[in-house]
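Visitor: For reference, the file target31.csv (CSV, C-alpha atoms and all ligand atoms) is included below:
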chain,number,residue,atom,x,y,z
A,175,MET,CA,131.2,93.9,70.5
A,176,ARG,CA,127.6,94.8,70.3
A,177,SER,CA,124.9,92.1,69.7
A,178,GLY,CA,121.7,94.2,69.7
A,179,PRO,CA,120.2,96.1,72.6
A,180,GLN,CA,120.2,94.5,76.1
A,181,HIS,CA,116.6,94.7,77.2
A,182,VAL,CA,115.6,93.9,80.8
A,183,LEU,CA,112.1,92.4,80.4
A,184,SER,CA,111.9,89.5,82.9
A,185,VAL,CA,113.7,88.2,85.9
A,186,LYS,CA,114.1,85.0,84.0
A,187,GLN,CA,117.1,86.6,82.3
A,188,PHE,CA,119.1,86.7,85.5
A,189,ASP,CA,121.4,83.9,86.8
A,190,ARG,CA,123.4,83.9,90.0
A,191,ARG,CA,126.6,85.2,88.4
A,192,LEU,CA,124.9,88.2,87.0
A,193,LEU,CA,123.0,88.8,90.2
A,194,PHE,CA,126.1,88.9,92.3
A,195,GLU,CA,127.9,91.1,89.8
A,196,LEU,CA,125.0,93.6,90.0
A,197,PHE,CA,124.9,93.4,93.8
A,198,GLN,CA,128.6,94.0,94.2
A,199,ARG,CA,128.5,97.0,91.9
A,200,ALA,CA,125.4,98.3,93.6
A,201,ASP,CA,127.3,98.1,96.9
A,202,GLU,CA,130.2,100.1,95.5
A,203,LEU,CA,127.8,102.7,94.1
A,204,ALA,CA,125.9,102.9,97.4
A,205,ALA,CA,129.2,103.7,99.1
A,206,LEU,CA,129.9,106.8,96.9
A,207,PRO,CA,130.0,110.1,98.8
A,208,PRO,CA,126.9,112.2,98.6
A,209,ARG,CA,126.6,114.3,95.4
A,210,GLU,CA,129.3,112.2,93.7
A,211,ILE,CA,128.6,111.6,90.0
A,212,THR,CA,130.3,108.6,88.4
A,213,GLY,CA,130.2,109.9,84.9
A,214,THR,CA,129.6,106.4,83.6
A,215,ALA,CA,126.4,107.5,81.7
A,216,ARG,CA,127.7,110.9,80.6
A,217,GLY,CA,126.2,111.9,77.3
A,218,ALA,CA,123.4,109.3,77.4
A,219,ILE,CA,119.7,110.1,77.6
A,220,MET,CA,117.2,107.9,79.4
A,221,ALA,CA,113.5,108.3,78.6
A,222,THR,CA,111.0,107.2,81.2
A,223,LEU,CA,107.5,106.4,79.9
A,224,PHE,CA,105.0,105.7,82.7
A,225,TYR,CA,101.5,104.8,81.7
A,226,GLU,CA,100.7,103.9,85.4
A,227,PRO,CA,101.3,105.7,88.7
A,228,SER,CA,104.7,105.4,90.3
A,229,THR,CA,106.8,107.0,93.0
A,230,ARG,CA,109.8,104.9,93.7
A,231,THR,CA,110.4,103.3,90.4
A,232,ARG,CA,110.4,106.4,88.2
A,233,LEU,CA,112.1,108.7,90.6
A,234,SER,CA,114.8,106.3,91.6
A,235,PHE,CA,115.5,105.5,87.9
A,236,GLU,CA,115.8,109.2,87.2
A,237,ALA,CA,117.9,109.8,90.2
A,238,ALA,CA,120.1,106.8,89.3
A,239,MET,CA,120.6,108.2,85.7
A,240,THR,CA,121.4,111.6,87.1
A,241,ARG,CA,124.0,110.1,89.6
A,242,LEU,CA,125.6,108.4,86.7
A,243,GLY,CA,126.0,111.7,84.9
A,244,GLY,CA,123.3,111.0,82.2
A,245,ALA,CA,120.2,113.0,81.4
A,246,VAL,CA,116.5,112.2,81.7
A,247,ILE,CA,113.4,113.0,79.6
A,248,SER,CA,110.1,111.9,81.0
A,249,ALA,CA,106.4,111.3,80.3
A,250,GLU,CA,105.2,110.9,83.8
A,251,TYR,CA,101.5,110.6,82.9
A,252,ALA,CA,102.1,109.0,79.6
A,253,ALA,CA,98.5,107.6,79.3
A,254,SER,CA,97.0,111.1,79.4
A,255,THR,CA,99.9,113.4,78.3
A,256,SER,CA,101.6,111.4,75.6
A,257,SER,CA,100.1,110.6,72.2
A,258,ALA,CA,98.7,107.4,73.7
A,259,ALA,CA,95.7,109.7,74.6
A,260,LYS,CA,95.3,110.3,70.8
A,261,GLY,CA,95.3,106.5,70.2
A,262,GLU,CA,99.0,106.0,69.4
A,263,THR,CA,100.2,102.4,70.0
A,264,ILE,CA,103.0,101.6,72.5
A,265,GLU,CA,105.1,100.4,69.6
A,266,ASP,CA,104.8,103.7,67.7
A,267,THR,CA,105.5,105.7,70.8
A,268,ALA,CA,108.6,103.6,71.6
A,269,ARG,CA,109.9,103.9,68.0
A,270,VAL,CA,109.7,107.6,68.1
A,271,VAL,CA,111.1,108.1,71.6
A,272,ALA,CA,114.0,105.6,70.8
A,273,GLY,CA,115.1,108.3,68.3
A,274,TYR,CA,115.6,110.8,71.2
A,275,ALA,CA,117.0,108.5,73.9
A,276,ASP,CA,119.6,105.8,74.5
A,277,LEU,CA,117.5,103.9,77.0
A,278,LEU,CA,113.8,103.5,77.5
A,279,VAL,CA,112.2,102.7,80.9
A,280,ILE,CA,108.6,101.8,80.5
A,281,ARG,CA,105.7,101.0,82.8
A,282,HIS,CA,102.4,100.0,81.3
A,283,PRO,CA,99.1,98.4,82.5
A,284,VAL,CA,99.0,95.7,79.9
A,285,ALA,CA,101.1,92.5,80.5
A,286,GLY,CA,103.5,91.9,77.6
A,287,SER,CA,103.3,95.5,76.3
A,288,VAL,CA,106.8,96.5,77.3
A,289,ALA,CA,108.2,93.5,75.5
A,290,ARG,CA,106.2,94.5,72.4
A,291,ALA,CA,107.8,98.0,72.6
A,292,ALA,CA,111.2,96.4,73.0
A,293,ALA,CA,110.8,94.3,69.9
A,294,VAL,CA,110.6,97.3,67.6
A,295,VAL,CA,113.4,99.5,68.9
A,296,ASP,CA,117.2,99.4,68.7
A,297,VAL,CA,117.9,100.9,72.1
A,298,PRO,CA,117.6,99.0,75.4
A,299,VAL,CA,114.3,98.9,77.1
A,300,ILE,CA,113.8,98.2,80.8
A,301,ASN,CA,110.5,96.9,82.0
A,302,ALA,CA,109.4,99.1,85.0
A,303,GLY,CA,106.2,97.0,85.5
A,304,ASP,CA,103.8,95.5,82.9
A,305,GLY,CA,100.4,95.0,84.3
A,306,ALA,CA,100.2,92.0,86.7
A,307,ASN,CA,103.0,90.3,84.9
A,308,GLU,CA,106.5,91.3,86.0
A,309,HIS,CA,108.4,94.0,87.8
A,310,PRO,CA,112.0,92.7,87.3
A,311,THR,CA,113.9,95.7,88.7
A,312,GLN,CA,111.8,95.6,91.9
A,313,ALA,CA,112.6,91.9,92.4
A,314,LEU,CA,116.3,92.7,91.9
A,315,ILE,CA,116.1,95.3,94.6
A,316,ASP,CA,114.2,92.9,96.9
A,317,LEU,CA,116.9,90.1,96.5
A,318,TYR,CA,119.7,92.7,96.8
A,319,THR,CA,118.0,93.8,100.1
A,320,ILE,CA,117.8,90.2,101.4
A,321,TRP,CA,121.5,89.9,100.5
A,322,ARG,CA,122.5,93.1,102.3
A,323,GLU,CA,120.3,92.3,105.3
A,324,HIS,CA,121.3,88.7,105.7
A,325,GLY,CA,124.6,88.5,103.9
A,326,ARG,CA,123.3,85.6,101.7
A,327,ILE,CA,120.5,84.6,99.4
A,328,ASP,CA,120.5,80.9,100.1
A,329,GLY,CA,119.0,78.6,102.7
A,330,MET,CA,116.3,81.2,103.6
A,331,THR,CA,112.7,80.7,104.7
A,332,ILE,CA,110.6,83.4,103.1
A,333,ALA,CA,106.9,84.2,103.2
A,334,LEU,CA,105.3,86.1,100.3
A,335,VAL,CA,102.1,87.6,101.7
A,336,GLY,CA,99.1,89.4,100.3
A,337,ASP,CA,98.3,89.8,96.6
A,338,LEU,CA,100.1,86.9,94.9
A,339,ARG,CA,97.7,86.9,92.0
A,340,TYR,CA,98.0,90.5,90.6
A,341,GLY,CA,101.1,91.6,92.5
A,342,ARG,CA,103.8,91.7,89.8
A,343,ALA,CA,106.5,92.4,92.4
A,344,ALA,CA,105.7,89.2,94.3
A,345,ARG,CA,105.5,87.2,91.1
A,346,SER,CA,108.9,88.5,89.9
A,347,LEU,CA,110.5,87.9,93.3
A,348,ALA,CA,109.2,84.4,93.5
A,349,ARG,CA,110.7,83.7,90.1
A,350,LEU,CA,114.0,85.3,91.0
A,351,LEU,CA,114.2,83.2,94.1
A,352,THR,CA,114.6,80.1,91.9
A,353,GLN,CA,118.2,81.3,91.6
A,354,SER,CA,118.8,80.8,95.3
A,355,VAL,CA,119.6,77.4,96.8
A,356,GLY,CA,117.7,75.6,99.6
A,357,THR,CA,115.0,78.2,99.8
A,358,ARG,CA,111.7,77.4,101.5
A,359,LEU,CA,108.8,79.6,100.3
A,360,PHE,CA,105.5,80.1,102.1
A,361,LEU,CA,102.7,81.6,100.0
A,362,VAL,CA,100.2,83.4,102.3
A,363,ALA,CA,97.3,84.9,100.5
A,364,PRO,CA,93.5,85.3,100.8
A,365,PRO,CA,91.6,82.9,98.5
A,366,VAL,CA,90.9,85.6,95.8
A,367,THR,CA,94.6,86.6,95.5
A,368,ARG,CA,96.3,83.2,95.6
A,369,MET,CA,99.2,82.7,93.2
A,370,ASP,CA,98.5,81.3,89.8
A,371,PRO,CA,98.8,77.5,90.1
A,372,LEU,CA,100.9,77.5,86.9
A,373,LEU,CA,103.5,79.8,88.5
A,374,VAL,CA,103.5,77.7,91.7
A,375,GLU,CA,104.2,74.7,89.5
A,376,GLU,CA,107.0,76.6,87.7
A,377,LEU,CA,108.6,77.5,91.0
A,378,ARG,CA,108.5,73.9,92.3
A,379,ALA,CA,109.9,72.6,89.0
A,380,ALA,CA,112.8,75.0,89.4
A,381,GLY,CA,113.6,73.5,92.8
A,382,LEU,CA,111.9,75.8,95.3
A,383,ARG,CA,110.1,74.2,98.3
A,384,VAL,CA,106.7,76.0,98.1
A,385,GLU,CA,103.9,75.6,100.6
A,386,GLU,CA,100.6,77.5,100.4
A,387,VAL,CA,99.4,78.3,104.0
A,388,ASP,CA,96.7,80.5,105.4
A,389,ASP,CA,98.0,81.1,108.9
A,390,LEU,CA,100.7,83.8,108.9
A,391,ALA,CA,101.0,83.9,112.7
A,392,ALA,CA,101.7,80.1,112.7
A,393,VAL,CA,104.6,80.3,110.2
A,394,ALA,CA,106.0,83.7,111.5
A,395,PRO,CA,108.5,82.1,114.0
A,396,GLU,CA,110.2,80.2,111.1
A,397,LEU,CA,110.8,83.2,108.9
A,398,ASP,CA,114.0,84.9,107.8
A,399,VAL,CA,112.1,87.2,105.5
A,400,LEU,CA,108.4,88.3,105.5
A,401,TYR,CA,107.6,90.0,102.2
A,402,GLN,CA,104.3,91.8,102.6
A,403,THR,CA,102.4,93.2,99.6
A,404,ARG,CA,99.4,95.5,98.8
A,405,ILE,CA,96.2,94.1,97.5
A,406,GLN,CA,96.3,95.5,93.9
A,407,ARG,CA,92.9,97.4,93.9
A,408,GLU,CA,93.4,98.7,90.3
A,409,ARG,CA,93.4,95.1,88.9
A,410,PHE,CA,90.1,94.0,90.4
A,411,GLU,CA,86.9,94.1,88.3
A,412,ASP,CA,84.7,93.3,91.2
A,413,PRO,CA,85.1,95.7,94.2
A,414,SER,CA,83.6,93.1,96.6
A,415,GLU,CA,86.4,90.7,95.7
A,416,TYR,CA,88.9,93.5,96.5
A,417,ALA,CA,87.2,94.1,99.8
A,418,ALA,CA,87.2,90.4,100.6
A,419,ALA,CA,91.0,90.3,100.1
A,420,CYS,CA,91.8,93.4,102.3
A,421,GLY,CA,92.8,93.3,105.9
A,422,ARG,CA,93.3,89.6,106.1
A,423,PHE,CA,97.0,89.5,106.8
A,424,VAL,CA,98.4,92.6,108.6
A,425,VAL,CA,101.9,93.0,110.0
A,426,ASP,CA,101.3,94.6,113.4
A,427,ARG,CA,103.0,94.5,116.8
A,428,ASP,CA,101.5,91.2,117.6
A,429,LEU,CA,102.8,89.6,114.5
A,430,MET,CA,106.3,91.2,115.1
A,431,ARG,CA,106.4,89.5,118.5
A,432,ARG,CA,106.2,86.2,116.7
A,433,LEU,CA,109.0,86.9,114.2
A,434,PRO,CA,112.6,85.9,115.0
A,435,GLU,CA,115.0,88.6,116.1
A,436,HIS,CA,117.0,88.2,112.9
A,437,ALA,CA,114.1,88.3,110.5
A,438,VAL,CA,113.3,91.3,108.2
A,439,VAL,CA,110.0,92.6,106.9
A,440,LEU,CA,110.0,93.8,103.3
A,441,HIS,CA,107.4,95.5,101.2
A,442,PRO,CA,107.7,96.9,97.6
A,443,LEU,CA,105.5,99.9,98.8
A,444,PRO,CA,103.2,101.7,98.7
A,445,ARG,CA,101.5,100.2,101.8
A,446,VAL,CA,97.8,100.9,102.4
A,447,GLY,CA,97.1,99.3,105.8
A,448,GLU,CA,98.8,95.9,105.5
A,449,ILE,CA,101.7,97.1,107.7
A,450,ASP,CA,100.8,99.0,110.8
A,451,PRO,CA,103.1,102.1,111.0
A,452,ALA,CA,103.5,101.3,114.7
A,453,VAL,CA,106.1,98.7,113.6
A,454,ASP,CA,108.2,101.2,111.6
A,455,ASP,CA,110.6,101.7,114.4
A,456,ASP,CA,111.3,98.0,114.8
A,457,PRO,CA,114.9,97.4,113.4
A,458,ARG,CA,113.4,94.4,111.5
A,459,ALA,CA,111.2,96.7,109.5
A,460,ALA,CA,113.4,97.0,106.4
A,461,TYR,CA,111.0,98.4,103.8
A,462,PHE,CA,112.4,101.9,103.8
A,463,ARG,CA,116.0,100.6,103.5
A,464,GLN,CA,114.7,98.4,100.7
A,465,ALA,CA,113.3,101.5,98.8
A,466,ARG,CA,116.6,103.2,99.3
A,467,ASN,CA,118.5,100.3,97.8
A,468,GLY,CA,116.6,101.0,94.6
A,469,LEU,CA,119.0,103.8,93.7
A,470,PRO,CA,122.3,101.9,93.7
A,471,LEU,CA,120.8,98.8,92.2
A,472,ARG,CA,119.2,100.7,89.3
A,473,MET,CA,122.5,102.6,88.8
A,474,ALA,CA,124.3,99.3,88.5
A,475,LEU,CA,121.7,98.0,86.0
A,476,ILE,CA,121.7,101.2,83.9
A,477,GLU,CA,125.5,101.2,83.7
A,478,ARG,CA,125.5,97.7,82.5
A,479,VAL,CA,122.8,98.1,79.9
A,480,LEU,CA,124.4,101.3,78.5
A,481,ALA,CA,127.8,99.5,78.3
A,482,HIS,CA,126.2,96.8,76.2
A,483,ARG,CA,127.3,94.2,78.8
A,484,PRO,CA,125.0,91.2,78.8
A,485,VAL,CA,121.9,91.4,81.0
A,486,ALA,CA,120.6,88.1,79.8
A,487,MET,CA,122.2,84.8,80.5
A,488,VAL,CA,119.0,83.2,79.2
A,489,ALA,CA,116.7,84.9,76.8
A,490,ALA,CA,113.3,85.9,78.3
A,491,ASN,CA,111.7,83.2,76.2
A,492,GLY,CA,113.7,80.6,78.1
A,493,HIS,CA,116.2,79.8,75.3
A,494,ALA,CA,119.9,80.0,76.1
A,495,HIS,CA,121.8,82.7,74.3
A,496,ALA,CA,124.2,81.6,71.7
A,501,LIG,N1,105.1,99.5,93.5
A,501,LIG,C1,104.9,98.1,93.2
A,501,LIG,C2,104.4,98.0,91.8
A,501,LIG,O1,104.3,98.9,91.0
A,501,LIG,C3,104.0,97.5,94.2
A,501,LIG,C4,102.6,98.0,94.3
A,501,LIG,O2,102.2,98.9,93.5
A,501,LIG,O3,101.9,97.5,95.1
A,501,LIG,O4,104.1,96.8,91.4
Step by step, read the file and then write its structure as structure tokens.
Ligand code: ASP

Guide:
Amino acid sequence: MRSGPQHVLSVKQFDRRLLFELFQRADELAALPPREITGTARGAIMATLFYEPSTRTRLSFEAAMTRLGGAVISAEYAASTSSAAKGETIEDTARVVAGYADLLVIRHPVAGSVARAAAVVDVPVINAGDGANEHPTQALIDLYTIWREHGRIDGMTIALVGDLRYGRAARSLARLLTQSVGTRLFLVAPPVTRMDPLLVEELRAAGLRVEEVDDLAAVAPELDVLYQTRIQRERFEDPSEYAAACGRFVVDRDLMRRLPEHAVVLHPLPRVGEIDPAVDDDPRAAYFRQARNGLPLRMALIERVLAHRPVAMVAANGHAHA
């Protein structure tokens, strides 16, 4: 029974049951032999519309759709090569492309724009990052990676490090962590990129134990997960503010010596200096495994969306679905 398109706009849509269903399916898909095509998206077309740069998100979505047996059409530089360059609104572009595809995956620099596109089409829309607001599929991959690496999502001590103001991946992950139990969250950011106090309040109200700290080395021995992020240069109006935020917290060999043996280091990537490549060989450096997890997780999500199975336990506006 179909009840309108199942958009994926915010991590607020996901509850524990849905998360574990996705993770389990992603594990099955990750175990497929190389070159195996599931056929679960056969006949379907996915359109990727990217108005901002991307490597992992667009390519792993496209690879995921291909592995499911579906087809892909793409506007990689949508800001300059689609009719947006002629002044077309995101709503009009989405309306038109929805006539060619069964699923839209959109990245856009303006917060809320992907939701605006979703509101005017009758095919599912997945938010692949809207400005500094959300990056829900990245957060799903991050939590899936924590689950794979640690075998659980509960009772964890996690540090989010770097750009917690403009970093949509960190914001989405923090929100998704409210679905875990007994989580302690350290926020470690330079003064100019501290997390929005309203979001900190939201996380605390949802039951997370949140502490803002400014000494990463001091908390490192307590961590199960260190989630490092890039300072989002493209969001700064004042280059001196950007410069002030850079280089403050770097994961290097010294810091790795302070991390427990069982801890993992994650990063949504790309990195630009905040993780020293000298630590890449450390088995706790999990960021390339994390990037790889994007493929099966996005396959699981696309399958679910195309099958019209619910991807919202709670509507993105916070109201429970009838
Ligand atoms: N790739 C992630 C994003 O698009 C993280 C980053 O760009 O720093 O948000």

Visitor: Residues within 8 Å of ligand LIG 501 (chain A), counting only C-alpha atoms and all ligand atoms: report them as a list in words.

Guide: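 For ligand LIG 501 (chain A), the residues inside 8 Å are Pro227, Ser228, Thr229, Arg230, Thr231, Ala302, Gly303, Ala306, His309, Gln312, Gly341, Arg342, Ala343, Thr403, Arg404, Ile405, Gln406, Pro442, Leu443, Pro444 and Arg445 of chain A.
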
Visitor: When distances are computed from all atoms listed in the file, which of A:Leu203, A:Leu314, A:Ala417, A:Val297 shows the smallest separation from A:Ala465?

Guide: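 For A:Ala465, the nearest of the given residues is A:Leu314.
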
Visitor: Using only C-alpha atoms for the distances, tell me which of A:Leu192, A:Val425, A:Leu223, A:Leu242 is nearest to A:Arg209.

Guide: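 Under the stated criterion, the closest residue is A:Leu242.
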
Visitor: With a distance cut-off of 12 Å and all atoms listed in the file, select the neighbouring residues of A:Asp456, excluding the residue or stretch itself and same-chain residues fewer than 4 positions from it, and output the selection as an MDAnalysis selection string.

Guide: chainID A and resid 425:427 429:431 433 435:439 449:452 460:462

Visitor: Calculate how many Å separate atom CA of A:Leu471 from atom CA of A:Ile315, rounding to one decimal.

Guide: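 Taking atom CA of A:Leu471 as the start and atom CA of A:Ile315 as the end point, the length is 6.3 Å.
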
Visitor: Would you list the contacts of A:Glu195 as a list in words, taking every protein, DNA or RNA residue within 12 Å and counting all atoms listed in the file, but skipping same-chain residues closer than 2 positions in sequence?

Guide: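 The filter keeps Phe188, Asp189, Arg190, Arg191, Leu192, Leu193, Phe197, Gln198, Arg199, Ala200, Asp201, Glu202, Leu314, Tyr318, Leu471, Ala474, Leu475, Arg478, Arg483, Pro484 and Val485 of chain A.
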
Visitor: Hey, what's within 12 Å of A:Ser254 if we count only C-alpha atoms and toss same-chain stuff fewer than 3 positions away? As a CSV table (one decimal) with C-alpha atoms, in the frame of the given file, please?

Guide:
chain,number,residue,atom,x,y,z
A,223,LEU,CA,107.5,106.4,79.9
A,224,PHE,CA,105.0,105.7,82.7
A,225,TYR,CA,101.5,104.8,81.7
A,226,GLU,CA,100.7,103.9,85.4
A,227,PRO,CA,101.3,105.7,88.7
A,249,ALA,CA,106.4,111.3,80.3
A,250,GLU,CA,105.2,110.9,83.8
A,251,TYR,CA,101.5,110.6,82.9
A,257,SER,CA,100.1,110.6,72.2
A,258,ALA,CA,98.7,107.4,73.7
A,259,ALA,CA,95.7,109.7,74.6
A,260,LYS,CA,95.3,110.3,70.8
A,261,GLY,CA,95.3,106.5,70.2
A,262,GLU,CA,99.0,106.0,69.4

Visitor: Pick from A:Val393, A:Val366, A:Ile264, A:Ile247: nearest to A:Phe410, with only C-alpha atoms counted?

Guide: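 Among the listed residues, the smallest separation from A:Phe410 belongs to A:Val366.
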
Visitor: I need the residue nearest A:Thr214 from this list: A:Arg269, A:Arg458, A:Arg241, A:His324. Use only C-alpha atoms for the distance.

Guide: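 Nearest candidate to A:Thr214 out of A:Arg269, A:Arg458, A:Arg241, A:His324: A:Arg241.
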
Visitor: Just the residues within 10 Å of A:Leu390, please, counting only C-alpha atoms, with nothing from its chain fewer than 5 positions along; format it as a PDB file with C-alpha atoms, in the frame of the given file.

Guide:
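The resulting selection-v3.pdb:
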ATOM      1  CA  ALA A 333     106.900  84.200 103.200  1.00  0.00           C
ATOM      2  CA  VAL A 335     102.100  87.600 101.700  1.00  0.00           C
ATOM      3  CA  PHE A 360     105.500  80.100 102.100  1.00  0.00           C
ATOM      4  CA  LEU A 361     102.700  81.600 100.000  1.00  0.00           C
ATOM      5  CA  VAL A 362     100.200  83.400 102.300  1.00  0.00           C
ATOM      6  CA  ALA A 363      97.300  84.900 100.500  1.00  0.00           C
ATOM      7  CA  PRO A 395     108.500  82.100 114.000  1.00  0.00           C
ATOM      8  CA  LEU A 400     108.400  88.300 105.500  1.00  0.00           C
ATOM      9  CA  ARG A 422      93.300  89.600 106.100  1.00  0.00           C
ATOM     10  CA  PHE A 423      97.000  89.500 106.800  1.00  0.00           C
ATOM     11  CA  VAL A 424      98.400  92.600 108.600  1.00  0.00           C
ATOM     12  CA  VAL A 425     101.900  93.000 110.000  1.00  0.00           C
ATOM     13  CA  LEU A 429     102.800  89.600 114.500  1.00  0.00           C
ATOM     14  CA  ARG A 432     106.200  86.200 116.700  1.00  0.00           C
TER      15      ARG A 432
END

Visitor: Taking only N, CA and C atoms, show stretch 420-445 of chain A of the given structure as a PDB file, in the first residue's frame.

Guide:
ATOM      1  N   CYS A 420      41.522  26.451  11.909  1.00  0.00           N
ATOM      2  CA  CYS A 420      42.306  25.342  11.340  1.00  0.00           C
ATOM      3  C   CYS A 420      43.474  24.932  12.237  1.00  0.00           C
ATOM      4  N   GLY A 421      43.805  23.657  12.172  1.00  0.00           N
ATOM      5  CA  GLY A 421      45.031  23.180  12.807  1.00  0.00           C
ATOM      6  C   GLY A 421      44.973  23.069  14.312  1.00  0.00           C
ATOM      7  N   ARG A 422      43.839  23.327  14.892  1.00  0.00           N
ATOM      8  CA  ARG A 422      43.734  23.344  16.347  1.00  0.00           C
ATOM      9  C   ARG A 422      43.721  21.924  16.925  1.00  0.00           C
ATOM     10  N   PHE A 423      42.963  21.037  16.303  1.00  0.00           N
ATOM     11  CA  PHE A 423      42.878  19.654  16.795  1.00  0.00           C
ATOM     12  C   PHE A 423      43.259  18.703  15.662  1.00  0.00           C
ATOM     13  N   VAL A 424      44.434  18.135  15.779  1.00  0.00           N
ATOM     14  CA  VAL A 424      44.917  17.255  14.713  1.00  0.00           C
ATOM     15  C   VAL A 424      45.108  15.851  15.295  1.00  0.00           C
ATOM     16  N   VAL A 425      44.643  14.863  14.539  1.00  0.00           N
ATOM     17  CA  VAL A 425      44.879  13.476  14.947  1.00  0.00           C
ATOM     18  C   VAL A 425      46.221  13.056  14.355  1.00  0.00           C
ATOM     19  N   ASP A 426      47.202  12.888  15.218  1.00  0.00           N
ATOM     20  CA  ASP A 426      48.528  12.475  14.767  1.00  0.00           C
ATOM     21  C   ASP A 426      49.004  11.313  15.649  1.00  0.00           C
ATOM     22  N   ARG A 427      50.244  10.919  15.439  1.00  0.00           N
ATOM     23  CA  ARG A 427      50.747   9.751  16.184  1.00  0.00           C
ATOM     24  C   ARG A 427      50.696   9.975  17.693  1.00  0.00           C
ATOM     25  N   ASP A 428      50.993  11.190  18.114  1.00  0.00           N
ATOM     26  CA  ASP A 428      50.955  11.489  19.555  1.00  0.00           C
ATOM     27  C   ASP A 428      49.558  11.265  20.114  1.00  0.00           C
ATOM     28  N   LEU A 429      48.577  11.764  19.380  1.00  0.00           N
ATOM     29  CA  LEU A 429      47.209  11.602  19.874  1.00  0.00           C
ATOM     30  C   LEU A 429      46.810  10.122  19.866  1.00  0.00           C
ATOM     31  N   MET A 430      47.218   9.387  18.843  1.00  0.00           N
ATOM     32  CA  MET A 430      46.876   7.961  18.755  1.00  0.00           C
ATOM     33  C   MET A 430      47.437   7.189  19.948  1.00  0.00           C
ATOM     34  N   ARG A 431      48.576   7.639  20.446  1.00  0.00           N
ATOM     35  CA  ARG A 431      49.156   6.969  21.622  1.00  0.00           C
ATOM     36  C   ARG A 431      48.261   7.120  22.845  1.00  0.00           C
ATOM     37  N   ARG A 432      47.459   8.152  22.853  1.00  0.00           N
ATOM     38  CA  ARG A 432      46.579   8.397  24.003  1.00  0.00           C
ATOM     39  C   ARG A 432      45.232   7.677  23.880  1.00  0.00           C
ATOM     40  N   LEU A 433      44.909   7.216  22.669  1.00  0.00           N
ATOM     41  CA  LEU A 433      43.612   6.549  22.457  1.00  0.00           C
ATOM     42  C   LEU A 433      43.675   5.094  22.912  1.00  0.00           C
ATOM     43  N   PRO A 434      42.577   4.567  23.487  1.00  0.00           N
ATOM     44  CA  PRO A 434      42.576   3.150  23.863  1.00  0.00           C
ATOM     45  C   PRO A 434      42.773   2.243  22.643  1.00  0.00           C
ATOM     46  N   GLU A 435      43.210   1.034  22.899  1.00  0.00           N
ATOM     47  CA  GLU A 435      43.450   0.051  21.836  1.00  0.00           C
ATOM     48  C   GLU A 435      42.193  -0.265  21.029  1.00  0.00           C
ATOM     49  N   HIS A 436      41.050  -0.230  21.711  1.00  0.00           N
ATOM     50  CA  HIS A 436      39.814  -0.640  21.033  1.00  0.00           C
ATOM     51  C   HIS A 436      39.110   0.525  20.327  1.00  0.00           C
ATOM     52  N   ALA A 437      39.628   1.736  20.480  1.00  0.00           N
ATOM     53  CA  ALA A 437      38.941   2.913  19.921  1.00  0.00           C
ATOM     54  C   ALA A 437      39.072   2.934  18.395  1.00  0.00           C
ATOM     55  N   VAL A 438      38.154   3.673  17.737  1.00  0.00           N
ATOM     56  CA  VAL A 438      38.300   3.864  16.287  1.00  0.00           C
ATOM     57  C   VAL A 438      38.257   5.355  15.963  1.00  0.00           C
ATOM     58  N   VAL A 439      38.962   5.712  14.893  1.00  0.00           N
ATOM     59  CA  VAL A 439      38.941   7.088  14.396  1.00  0.00           C
ATOM     60  C   VAL A 439      38.123   7.115  13.118  1.00  0.00           C
ATOM     61  N   LEU A 440      37.100   7.964  13.106  1.00  0.00           N
ATOM     62  CA  LEU A 440      36.251   8.122  11.923  1.00  0.00           C
ATOM     63  C   LEU A 440      36.394   9.538  11.379  1.00  0.00           C
ATOM     64  N   HIS A 441      36.028   9.703  10.116  1.00  0.00           N
ATOM     65  CA  HIS A 441      36.047  11.019   9.461  1.00  0.00           C
ATOM     66  C   HIS A 441      35.143  10.884   8.230  1.00  0.00           C
ATOM     67  N   PRO A 442      34.224  11.831   8.003  1.00  0.00           N
ATOM     68  CA  PRO A 442      33.363  11.679   6.819  1.00  0.00           C
ATOM     69  C   PRO A 442      34.141  11.907   5.521  1.00  0.00           C
ATOM     70  N   LEU A 443      35.327  12.518   5.610  1.00  0.00           N
ATOM     71  CA  LEU A 443      36.197  12.830   4.467  1.00  0.00           C
ATOM     72  C   LEU A 443      35.516  13.843   3.538  1.00  0.00           C
ATOM     73  N   PRO A 444      36.209  14.672   2.817  1.00  0.00           N
ATOM     74  CA  PRO A 444      37.657  14.656   2.666  1.00  0.00           C
ATOM     75  C   PRO A 444      38.378  15.263   3.869  1.00  0.00           C
ATOM     76  N   ARG A 445      39.616  14.809   4.103  1.00  0.00           N
ATOM     77  CA  ARG A 445      40.441  15.427   5.158  1.00  0.00           C
ATOM     78  C   ARG A 445      41.399  16.407   4.489  1.00  0.00           C
TER      79      ARG A 445
END
